[in-house]
Amino acid sequence: APAPSSVSRTLRRWAAGAAVALLALLVLATGAIYARTTLMLRRTYDIPADRVAVPTDSASIAEGERIARIRGCEACHGDGLAGAMMHDPGPVGAVLIGRMSGPNLTQLVPRYTDAELVGLLRWGVRPDGRSLVVMPSSILHDLTDDDLGRLIAWLRTLPRQERQVRSTSYGLLARGALALGAFPLEAAAIDRNDRPPATRPEDPMALGRYLARTSCSECHGSALEGNPQAPGLAIAAGYTDDQFRHFLRTGEALGGRELQEMSETARQRFTHLTDAEIAALHTYLRSLGGS
């Protein structure tokens with residue numbers, strides 16, 4: 001029988017060999033992930049040559065600000081849309097996970113033409129043809145021409161601020177999720193054959209659907225069916241008109257409950273909806289529950 005010391009040396013050699021092989025596989029997998037996601041991030045997209053009229057009157061600009069507040073632009077881009085860090089785990093975390101920021105729009109917007117802003121907001125495509133990743137253009141895509149024009153008009157009035165924020169970066173885990181399709185590139189998620197209408201609908205049911213698609217689907221899913229983080233919005237059928245209006249005005253849900261994210265979202269964003277818009281939204285959401 002082999003001596004114990006000989007067996008021990010053999011086991012150590014096997015363990016060392018296995019560790020080297022595992023490290024080599026890890027390096028290869030990491031390289032493959034970085035190569036795949038780099039190609040994904042560098043891919044360019046063709047988009048329709050949309051022409052959206054951008055008004056200059058004060059009423060349209062004020063409406064553009066209201067549109068932005070309902071869609072929660074400041075949640076990512078900070079006060080005055082002057083930039084904000086949404087996730088910054090530090091140097092090591094940035095390598096492993098990545099960092100996420102909303103850039104300073106007071107500096108970026110003046111650099112773009114109106115057509116380039118339409119490409120960014122509606123189609124999720126940068127002027128160089130590459131896709132946006134974090135910016136929820138797939139939600140803003142459904143804004144009508146009129147509303148998109150008003151939003152751009154307001155963005156052009158933002159006073160320049162000198163705040164600097166770190167740019168978004170993609171660490172290994174973020175790239176792994178991207179490679180596995182855990183979240184799509186915005187340009188890839190938008191149907192380029194889907195052309196939004198020029199003006200918002202007046203019929204309450206259609207108006208409610210429009211508001212839901214452009215204000216609620218980011219969290220609750222494109223069909224508003226819900227997900228592990230947010231419930232399906234058919235739950236709105238359990239509210240009377242007065243209760244639903246009270247919820248969106250105050251953030252106070254049925255039974256006086258404070259909901260973890262939705263209550264604050266309602267106070268920050270949905271208080272800017274008119275009573276008629278809240279009623280239309282409720283009408284549509286109730287239909288999801290079959291009532």
# chains A, B, ... in the order shown; residues from 1 in each chain; ligands from 1
>>> residues_around(residues="segment 40-47 of chain A", least_positions_apart="6", cutoff="8 Å", atoms="only C-alpha atoms", output="PyMOL selection string")
chain A and resi 119+123+125+128-131+187+192
>>> residues_around(residues="Asp242 of chain A", least_positions_apart="5", cutoff="12 Å", atoms="only C-alpha atoms", output="list in words")
Ala236, Phe247, Leu248, Arg249, Thr250, Ala253, Leu254, Asp275, Ile278, Ala279 and His282 of chain A
>>> select_by_dssp(residues="segment 67-212 of chain A", states="helix (DSSP H, G or I)", output="PyMOL selection string")
chain A and resi 67-70+73-77+79-81+90-96+105-111+114-123+137-140+145-155+172-179+186-189+204-212
>>> residues_around(residues="Pro159 of chain A", least_positions_apart="3", cutoff="9 Å", atoms="only C-alpha atoms", output="list in words")
Gly80, Thr106, Gln107 and Arg156 of chain A
>>> closest_residue(among="A:Leu143, A:Leu173, A:Ala153, A:Ala276", to="Glu202 of chain A", atoms="only C-alpha atoms")
A:Ala276
>>> decode(residues="segment 207-225 of chain A", atoms="N, CA and C atoms", output="PDB file, in the first residue's frame")
ATOM      1  N   LEU A 207     -58.334  56.754 -22.262  1.00  0.00           N
ATOM      2  CA  LEU A 207     -57.430  57.640 -21.530  1.00  0.00           C
ATOM      3  C   LEU A 207     -56.814  56.901 -20.340  1.00  0.00           C
ATOM      4  N   GLY A 208     -57.621  56.113 -19.634  1.00  0.00           N
ATOM      5  CA  GLY A 208     -57.105  55.341 -18.513  1.00  0.00           C
ATOM      6  C   GLY A 208     -56.044  54.353 -18.955  1.00  0.00           C
ATOM      7  N   ARG A 209     -56.267  53.701 -20.075  1.00  0.00           N
ATOM      8  CA  ARG A 209     -55.273  52.760 -20.600  1.00  0.00           C
ATOM      9  C   ARG A 209     -53.988  53.499 -20.946  1.00  0.00           C
ATOM     10  N   TYR A 210     -54.117  54.666 -21.549  1.00  0.00           N
ATOM     11  CA  TYR A 210     -52.944  55.466 -21.914  1.00  0.00           C
ATOM     12  C   TYR A 210     -52.145  55.849 -20.674  1.00  0.00           C
ATOM     13  N   LEU A 211     -52.819  56.305 -19.648  1.00  0.00           N
ATOM     14  CA  LEU A 211     -52.131  56.700 -18.416  1.00  0.00           C
ATOM     15  C   LEU A 211     -51.472  55.495 -17.748  1.00  0.00           C
ATOM     16  N   ALA A 212     -52.161  54.346 -17.756  1.00  0.00           N
ATOM     17  CA  ALA A 212     -51.595  53.144 -17.134  1.00  0.00           C
ATOM     18  C   ALA A 212     -50.350  52.681 -17.868  1.00  0.00           C
ATOM     19  N   ARG A 213     -50.398  52.673 -19.186  1.00  0.00           N
ATOM     20  CA  ARG A 213     -49.260  52.199 -19.975  1.00  0.00           C
ATOM     21  C   ARG A 213     -48.052  53.124 -19.829  1.00  0.00           C
ATOM     22  N   THR A 214     -48.282  54.417 -19.662  1.00  0.00           N
ATOM     23  CA  THR A 214     -47.166  55.364 -19.608  1.00  0.00           C
ATOM     24  C   THR A 214     -46.794  55.773 -18.187  1.00  0.00           C
ATOM     25  N   SER A 215     -47.481  55.232 -17.188  1.00  0.00           N
ATOM     26  CA  SER A 215     -47.199  55.633 -15.810  1.00  0.00           C
ATOM     27  C   SER A 215     -47.045  54.456 -14.849  1.00  0.00           C
ATOM     28  N   CYS A 216     -47.656  53.318 -15.166  1.00  0.00           N
ATOM     29  CA  CYS A 216     -47.718  52.201 -14.212  1.00  0.00           C
ATOM     30  C   CYS A 216     -46.943  50.969 -14.648  1.00  0.00           C
ATOM     31  N   SER A 217     -46.746  50.810 -15.960  1.00  0.00           N
ATOM     32  CA  SER A 217     -46.208  49.545 -16.459  1.00  0.00           C
ATOM     33  C   SER A 217     -44.742  49.339 -16.104  1.00  0.00           C
ATOM     34  N   GLU A 218     -44.018  50.398 -15.774  1.00  0.00           N
ATOM     35  CA  GLU A 218     -42.608  50.250 -15.406  1.00  0.00           C
ATOM     36  C   GLU A 218     -42.446  49.316 -14.207  1.00  0.00           C
ATOM     37  N   CYS A 219     -43.346  49.429 -13.241  1.00  0.00           N
ATOM     38  CA  CYS A 219     -43.268  48.592 -12.036  1.00  0.00           C
ATOM     39  C   CYS A 219     -44.176  47.369 -12.104  1.00  0.00           C
ATOM     40  N   HIS A 220     -45.349  47.505 -12.720  1.00  0.00           N
ATOM     41  CA  HIS A 220     -46.362  46.461 -12.654  1.00  0.00           C
ATOM     42  C   HIS A 220     -46.406  45.573 -13.893  1.00  0.00           C
ATOM     43  N   GLY A 221     -45.497  45.787 -14.844  1.00  0.00           N
ATOM     44  CA  GLY A 221     -45.453  44.946 -16.033  1.00  0.00           C
ATOM     45  C   GLY A 221     -46.234  45.536 -17.189  1.00  0.00           C
ATOM     46  N   SER A 222     -45.844  45.171 -18.399  1.00  0.00           N
ATOM     47  CA  SER A 222     -46.456  45.767 -19.589  1.00  0.00           C
ATOM     48  C   SER A 222     -47.950  45.491 -19.678  1.00  0.00           C
ATOM     49  N   ALA A 223     -48.384  44.341 -19.151  1.00  0.00           N
ATOM     50  CA  ALA A 223     -49.812  44.019 -19.131  1.00  0.00           C
ATOM     51  C   ALA A 223     -50.437  44.317 -17.777  1.00  0.00           C
ATOM     52  N   LEU A 224     -49.679  44.957 -16.891  1.00  0.00           N
ATOM     53  CA  LEU A 224     -50.141  45.342 -15.553  1.00  0.00           C
ATOM     54  C   LEU A 224     -50.555  44.131 -14.728  1.00  0.00           C
ATOM     55  N   GLU A 225     -49.955  42.977 -15.081  1.00  0.00           N
ATOM     56  CA  GLU A 225     -50.323  41.731 -14.403  1.00  0.00           C
ATOM     57  C   GLU A 225     -49.565  41.532 -13.108  1.00  0.00           C
TER      58      GLU A 225
END
